[in-house]
Amino acid sequence: MAGLVNNLLILFLVFQNSCLGFRSPLSVFKRYKDTTRSLSNECLGSNRPVISLGLSDFALDVRMPGVTPKQSDTYLCMSLPLLVDDEAYVVDFKPHASMDTVHHMLLFGCNEPSSTESYWDCDEGTCKDKSNILYAWARNAPPTRLPKGVGFRVGGETGSKYFVLQVHYGDISAFRDKHKDCSGVTLHLTRQKQPLIAGMYLMMSVNTVIPPGEKVVDADIACHYKRFPMHLFAYRVHTHRLGKVVSGYRVRNGQWTLIGRQSPQLPQAFYPVEHPVDVHFDDILAARCVFSGEGRTTETHIGGTANDEMCNFYIMYYMEAKHAVSYMTCTQNANPEMFRNIPQEANIPILVESDMLKMTHGHHEESKDADKSSLLQQPKREEEEVLDQDFHIEEVVDWPGLNLKLGQVSGLAVDPENNLVIFHRGDHVWDENSFDNKFVYQQRGVGPIEQNTILVLNPSNAQLLHSMGKNLFYLPHGLSIDKNGNYWVTDVALHQVFKLGADDKEPLLILGTALQPGGDKNHFCQPTDVAVDPITGSIYVSDGYCNSRIVRFSPNGLYIQQWGEETSLDGAKPGQFHIPHSLALIPDFSQLCVADRENGRIQCFRLETGEFIREIKHNSFGRELFAISYVRGGLLFAVNGMPYPGETEPVQGFVMNFSTGEIIDTFSPIRKAFTSGSPMISSLRTSLKFKTFEMPHDVVASEDKTVFVGDVHARTVWKFTSTEKMEHRSVKKAGIEVQEVKETIIETSLKNNPESKEPLKKEEKQHVVQQASTRVSFVLITTLLVIPVVVLLAILVFIRWRKTAVYGADAEHKLDSSSGRILGRLRGKGGGGLNLGNFFASHKGYSRKGFDRLSTEGSDQEKDEDDGTDSEEEYSAPPPPPAPSSS
């Protein structure tokens with residue numbers, strides 16, 4: 001009976017673990033970060049290493065037998081026999097370790113361990129015969145899950161008979177209490193034959209020499225693949241102290257496809273291949289390690305000692321069982337000439353921050369012999385940076401830029417001095433009369449904008465530092481600034497792209513033909529944005545409202561390539577666009593990301609080739625995603641569009657972890673306490689001129705995580721900043737002081753819960769939390785407003801009684817009319833309500849009053865709240881139905 005209970009308990013635990021596979025990498029990472037501390041003290045595995053999981057499956061606990069390392073950077077090994085004679089398959093790995101005590105773990109498979117002791121110093125070696133790496137773990141990494149039907153073959157006639165665990169204990173300060181450590185990994189094995197067999201492909205340079213003081217040295221490896229097809233799903237990089245970046249590729253018919261790229265100064269674990277790659281007969285597998293010999297006084301060679309270097313690129317793959325090979329190597333460079341065409345990203349080091357934990361890359365002798373001050377610093381993975389920062393964005397309520405007198409704000413950027421640059425339309429607007437059905441601008445007779453359209457502001461106090469751009473543009477749209485401080489702008493009326501010097505009155509470069517829409521190498525059709533590669537100088541243009549493409553030019557404006565096509569009727573596919581509206585260049589990853597506006601998603605592409613890499617899409621984006629911005633450190637910012645009638649996704653900003661795509665925070669103007677549906681509060685909000693997002697058109701973030709959002713409807717720019725703690729703030733408007741109490745629960749409600757498995761449940765929970773978080777502020781506001789309203793109503797009743805008593809029924813009719821006008825002002829205009837951007841957007845029957853959003857070509861509409869008949873909108877001729885929104 002006890003055995004049955006134990007089996008049921010184990011099955012439950014395994015099922016619980018398997019469910020983690022459906023969570024996002026970031027949420028799984030956070031869970032393991034929170035729980036691994038306690039797991040590091042579990043020693044159950046040493047007492048009961050084999051656990052039955054049914055008729056054919058079993059778990060094998062490979063753990064340290066209660067050890068206490070005596071000094072930092074100690075490597076300890078232990079071995080465990082397979083304990084079954086038959087062939088078996090490892091199908092899952094579950095780590096039990098904490099980065100507080102363990103730097104990294106490696107699991108090997110072999111037939112004869114280097115020692116028969118319960119554990120030993122790994123200086124003696126791991127295995128006497130050939131060993132294969134099966135698994136690697138570092139820095140609270142979540143479990144490595146193999147694809148379904150894939151397993152590492154062990155046992156039997158050809159498989160490994162022993163598992164050898166190597167544990168690197170870095171800083172042993174956690175062992176001051178002399179506790180015993182039982183870190184390790186639980187293997188899930190099955191006797192059922194797996195159709196696909198996992199294996200390891202090692203690419204390794206053996207003859208690289210790094211001259212002393214040489215700034216850049218490349219070690220290239222390439223081999224022709226001459227076996228049956230294999231499918232790649234994970235990779236690992238490895239060098240010693242001098243390595244800067246390691247990249248691996250599959251080359252087929254001259255096309256380079258990235259397998260993986262990583263800094264060897266980061267945790268040297270197996271990372272998933274972002275988009276699985278298959279390798280066929282006669283493909284070429286290529287890898288490059290980039291080294292620097294700076295700081296060395298003698299030549300550095302490839303070798304295994306602390307003073308040597310290594311260049312390794314590990315690939316985890318699977319093959320059909322009948323053709324499977326468990327281990328392959330490549331140690332040559334079969335075609336040196338081909339590396340002239342290697343993608344530029346392979347030559348760009350991944351920066352290592354100076355304030356990160358030190359890294360010794362698996363060779364503790366190096367750290368023993370080296371002076372501590374010269375140790376390399378290990379950067380945190382982007383996921384860790386976000387979690388450690390407890391990142392949160394909130395509005396800067398005293399930002400004076402909110403009151404600037406601007407036209408429609410179409411573009412924002414930050415210059416090299418971190419000044420805010422605004423691109424606006426002055427007294428011009430984009431409305432239904434701007435273009436004909438062939439996208440030709442119809443208001444040329446009005447002339448260009450006479451005001452300065454480019455404004456440079458101090459980001460702290462909104463003081464105007466510089467302005468330019470008068471009499472140059474008709475309908476400004478996108479703005480970006482290159483590393484040299486040049487402005488790159490688009491004009492949808494002129495169908496052109498301009499490069500402007502910060503102090504130049506005339507453009508330095510013009511792309512496109514003025515006032516002539518088109519889709520060839522020399523014409524654009526309402527281009528939306530520009531991005532410039534800081535490394536190569538290549539120019540990327542998103543084109544646009546009436547084309548669906550990204551166009552690449554050389555630094556001097558020569559056409560190079562283009563990619564993209566219109567969205568299919570059966571749904572948006574990779575590389576298809578419905579208004580590519582905004583660009584964000586990600587130099588850290590050599591990617592270009594596009595806000596695919598009407599498809600409500602972000603698409604990312606490889607800079608050199610335009611090859612599709614990934615899509616980021618969330619339900620909370622709604623149907624439209626307007627703009628994106630990236631900052632170093634792995635943060636991606638975005639703003640969405642107004643919801644369609646009947647939909648409830650709010651207009652807001654998003655903060656995402658670029659590596660995972662997860663939303664880690666959302667933000668909107670802080671005075672959202674005034675977004676209640678009450679007419680009384682709506683009236684107060686209007687009279688006090690409280691603003692909220694109406695149609696955020698562009699977003700830009702600076703290196704210090706300050707975020708600016710430009711709104712084409714509200715004609716204003718909001719400022720947001722990152723905070724670690726919510727604070728009490730006071731807002732004084734029209735003599736009324738409102739103390740906004742922002743409790744911890746608000747911060748929680750603004751962050752997506754990484755533990756949630758079901759997006760629908762997540763949204764429901766957030767809705768409940770948000771209701772609770774605003775209850776305090778709502779009660780406070782209501783208390784402040786009740787007395788004036790009661791007094792107002794009493795006055796109205798008294799006047800009505802007096803007039804009725806004096807003038808009779810006729811006066812009563814007049815009073816009704818007068819009261820209706822007064823209350824009408826409190827409630828808003830007419831039956832349609834106030835036009836306050838997204839204030840009523842989530843309510844059924846919401847109407848923008850003016851142009852029906854479904855009848856326009858997804859444009860930037862600006863409506864005058866004081867005159868329901870005066871509408872201005874960014875507009876273009878409607879496409880065949882169904883048409884996108886008008887926002």
# chains A, B, ... in the order shown; residues from 1 in each chain; ligands from 1
$ residues_around --residues "range 318-328 of chain A" --least-positions-apart "4" --cutoff "7 Å" --atoms "only C-alpha atoms" --output "list in words"
Val150, Pro195, Leu196, Ile197, Ala198, Gly199, Met200, Tyr201, Leu202, Phe228, Pro229, Met230, His231 and Leu232 of chain A
$ write_last_selection --atoms "N, CA, C and O atoms" --output "compact mmCIF listing (two decimals), in the first residue's frame"
# COMPACT_ATOMS: atom_id res chain seq x y z
N VAL A 150 11.53 12.38 -28.29
CA VAL A 150 12.98 12.47 -28.41
C VAL A 150 13.60 12.02 -27.09
O VAL A 150 13.14 12.40 -26.01
N PRO A 195 11.07 7.20 -31.06
CA PRO A 195 11.26 7.26 -32.52
C PRO A 195 12.40 8.18 -32.94
O PRO A 195 12.95 8.05 -34.02
N LEU A 196 12.75 9.13 -32.06
CA LEU A 196 13.78 10.10 -32.37
C LEU A 196 14.85 10.07 -31.28
O LEU A 196 14.53 10.11 -30.10
N ILE A 197 16.10 10.01 -31.69
CA ILE A 197 17.21 9.87 -30.75
C ILE A 197 17.99 11.19 -30.70
O ILE A 197 18.37 11.74 -31.74
N ALA A 198 18.22 11.66 -29.48
CA ALA A 198 18.97 12.90 -29.29
C ALA A 198 20.47 12.63 -29.33
O ALA A 198 20.93 11.52 -29.00
N GLY A 199 21.22 13.61 -29.74
CA GLY A 199 22.67 13.50 -29.78
C GLY A 199 23.34 14.85 -29.67
O GLY A 199 22.67 15.88 -29.58
N MET A 200 24.66 14.83 -29.66
CA MET A 200 25.43 16.05 -29.50
C MET A 200 26.43 16.18 -30.67
O MET A 200 27.12 15.23 -31.02
N TYR A 201 26.46 17.37 -31.26
CA TYR A 201 27.41 17.70 -32.32
C TYR A 201 28.33 18.78 -31.78
O TYR A 201 27.88 19.88 -31.43
N LEU A 202 29.62 18.49 -31.71
CA LEU A 202 30.59 19.43 -31.15
C LEU A 202 31.45 20.01 -32.26
O LEU A 202 32.14 19.29 -32.98
N PHE A 228 22.42 11.38 -42.49
CA PHE A 228 20.97 11.54 -42.62
C PHE A 228 20.52 12.83 -41.92
O PHE A 228 21.24 13.35 -41.06
N PRO A 229 19.34 13.34 -42.26
CA PRO A 229 18.89 14.62 -41.70
C PRO A 229 18.87 14.60 -40.17
O PRO A 229 18.51 13.62 -39.54
N MET A 230 19.26 15.72 -39.60
CA MET A 230 19.13 15.91 -38.15
C MET A 230 18.45 17.25 -37.90
O MET A 230 18.51 18.17 -38.73
N HIS A 231 17.81 17.34 -36.75
CA HIS A 231 17.01 18.52 -36.40
C HIS A 231 17.60 19.12 -35.13
O HIS A 231 17.69 18.45 -34.10
N LEU A 232 17.97 20.40 -35.18
CA LEU A 232 18.67 21.06 -34.09
C LEU A 232 17.67 21.75 -33.17
O LEU A 232 16.76 22.44 -33.65
$ residues_around --residues "Ser590 in chain A" --least-positions-apart "4" --cutoff "8 Å" --atoms "only C-alpha atoms" --output "list of chain:residue names"
A:Glu345, A:Leu585, A:Ile586, A:Arg606, A:Leu607
$ residues_around --residues "Tyr162 in chain A" --least-positions-apart "5" --cutoff "10 Å" --atoms "only C-alpha atoms" --output "list in words"
Ser79, Leu80, Pro81, Leu82, Leu83, Phe108, Gly109, Cys110, Asn111, Glu112, Pro113, Cys127, Ser131, Val154 and Gly155 of chain A
$ residues_around --residues "Asp543 in chain A" --least-positions-apart "2" --cutoff "10 Å" --atoms "only C-alpha atoms" --output "number ranges by chain"
A: 490, 492, 495, 519, 523-530, 540-541, 545-551, 564, 577, 579-582
$ residues_around --residues "Asp57 in chain A" --least-positions-apart "2" --cutoff "7 Å" --atoms "only C-alpha atoms" --output "ChimeraX atom specification"
/A:52-55,189-191
$ write_last_selection --atoms "all heavy atoms" --output "PDB file, in the first residue's frame"
ATOM      1  N   SER A  52      10.400   4.212  -9.261  1.00  0.00           N
ATOM      2  CA  SER A  52       9.556   3.661 -10.309  1.00  0.00           C
ATOM      3  C   SER A  52       8.451   4.640 -10.658  1.00  0.00           C
ATOM      4  O   SER A  52       7.817   5.237  -9.788  1.00  0.00           O
ATOM      5  CB  SER A  52       8.938   2.335  -9.854  1.00  0.00           C
ATOM      6  OG  SER A  52       8.015   1.870 -10.826  1.00  0.00           O
ATOM      7  N   LEU A  53       8.232   4.816 -11.949  1.00  0.00           N
ATOM      8  CA  LEU A  53       7.169   5.696 -12.432  1.00  0.00           C
ATOM      9  C   LEU A  53       6.141   4.927 -13.253  1.00  0.00           C
ATOM     10  O   LEU A  53       5.438   5.498 -14.072  1.00  0.00           O
ATOM     11  CB  LEU A  53       7.761   6.829 -13.283  1.00  0.00           C
ATOM     12  CG  LEU A  53       8.748   7.759 -12.576  1.00  0.00           C
ATOM     13  CD1 LEU A  53       9.281   8.793 -13.554  1.00  0.00           C
ATOM     14  CD2 LEU A  53       8.090   8.442 -11.389  1.00  0.00           C
ATOM     15  N   GLY A  54       6.060   3.637 -13.050  1.00  0.00           N
ATOM     16  CA  GLY A  54       5.130   2.821 -13.799  1.00  0.00           C
ATOM     17  C   GLY A  54       5.823   1.598 -14.362  1.00  0.00           C
ATOM     18  O   GLY A  54       6.923   1.225 -13.956  1.00  0.00           O
ATOM     19  N   LEU A  55       5.168   0.972 -15.329  1.00  0.00           N
ATOM     20  CA  LEU A  55       5.700  -0.270 -15.880  1.00  0.00           C
ATOM     21  C   LEU A  55       6.970  -0.040 -16.689  1.00  0.00           C
ATOM     22  O   LEU A  55       7.879  -0.878 -16.667  1.00  0.00           O
ATOM     23  CB  LEU A  55       4.633  -0.928 -16.765  1.00  0.00           C
ATOM     24  CG  LEU A  55       3.360  -1.403 -16.036  1.00  0.00           C
ATOM     25  CD1 LEU A  55       2.361  -1.966 -17.031  1.00  0.00           C
ATOM     26  CD2 LEU A  55       3.714  -2.446 -14.979  1.00  0.00           C
ATOM     27  N   LEU A 189      13.561   8.564 -17.239  1.00  0.00           N
ATOM     28  CA  LEU A 189      13.922   7.584 -18.264  1.00  0.00           C
ATOM     29  C   LEU A 189      12.744   6.695 -18.578  1.00  0.00           C
ATOM     30  O   LEU A 189      11.851   6.485 -17.749  1.00  0.00           O
ATOM     31  CB  LEU A 189      15.109   6.726 -17.812  1.00  0.00           C
ATOM     32  CG  LEU A 189      16.432   7.458 -17.572  1.00  0.00           C
ATOM     33  CD1 LEU A 189      16.605   7.749 -16.094  1.00  0.00           C
ATOM     34  CD2 LEU A 189      17.613   6.650 -18.109  1.00  0.00           C
ATOM     35  N   THR A 190      12.749   6.186 -19.775  1.00  0.00           N
ATOM     36  CA  THR A 190      11.725   5.243 -20.190  1.00  0.00           C
ATOM     37  C   THR A 190      12.364   4.101 -20.959  1.00  0.00           C
ATOM     38  O   THR A 190      13.378   4.287 -21.644  1.00  0.00           O
ATOM     39  CB  THR A 190      10.653   5.940 -21.063  1.00  0.00           C
ATOM     40  OG1 THR A 190       9.651   4.985 -21.431  1.00  0.00           O
ATOM     41  CG2 THR A 190      11.255   6.550 -22.326  1.00  0.00           C
ATOM     42  N   ARG A 191      11.761   2.918 -20.807  1.00  0.00           N
ATOM     43  CA  ARG A 191      12.230   1.759 -21.576  1.00  0.00           C
ATOM     44  C   ARG A 191      11.527   1.680 -22.931  1.00  0.00           C
ATOM     45  O   ARG A 191      11.914   0.874 -23.782  1.00  0.00           O
ATOM     46  CB  ARG A 191      11.979   0.469 -20.787  1.00  0.00           C
ATOM     47  CG  ARG A 191      12.801   0.354 -19.507  1.00  0.00           C
ATOM     48  CD  ARG A 191      12.556  -1.000 -18.837  1.00  0.00           C
ATOM     49  NE  ARG A 191      13.312  -1.139 -17.605  1.00  0.00           N
ATOM     50  CZ  ARG A 191      12.884  -0.749 -16.412  1.00  0.00           C
ATOM     51  NH1 ARG A 191      11.694  -0.184 -16.299  1.00  0.00           N
ATOM     52  NH2 ARG A 191      13.633  -0.926 -15.337  1.00  0.00           N
TER      53      ARG A 191
END
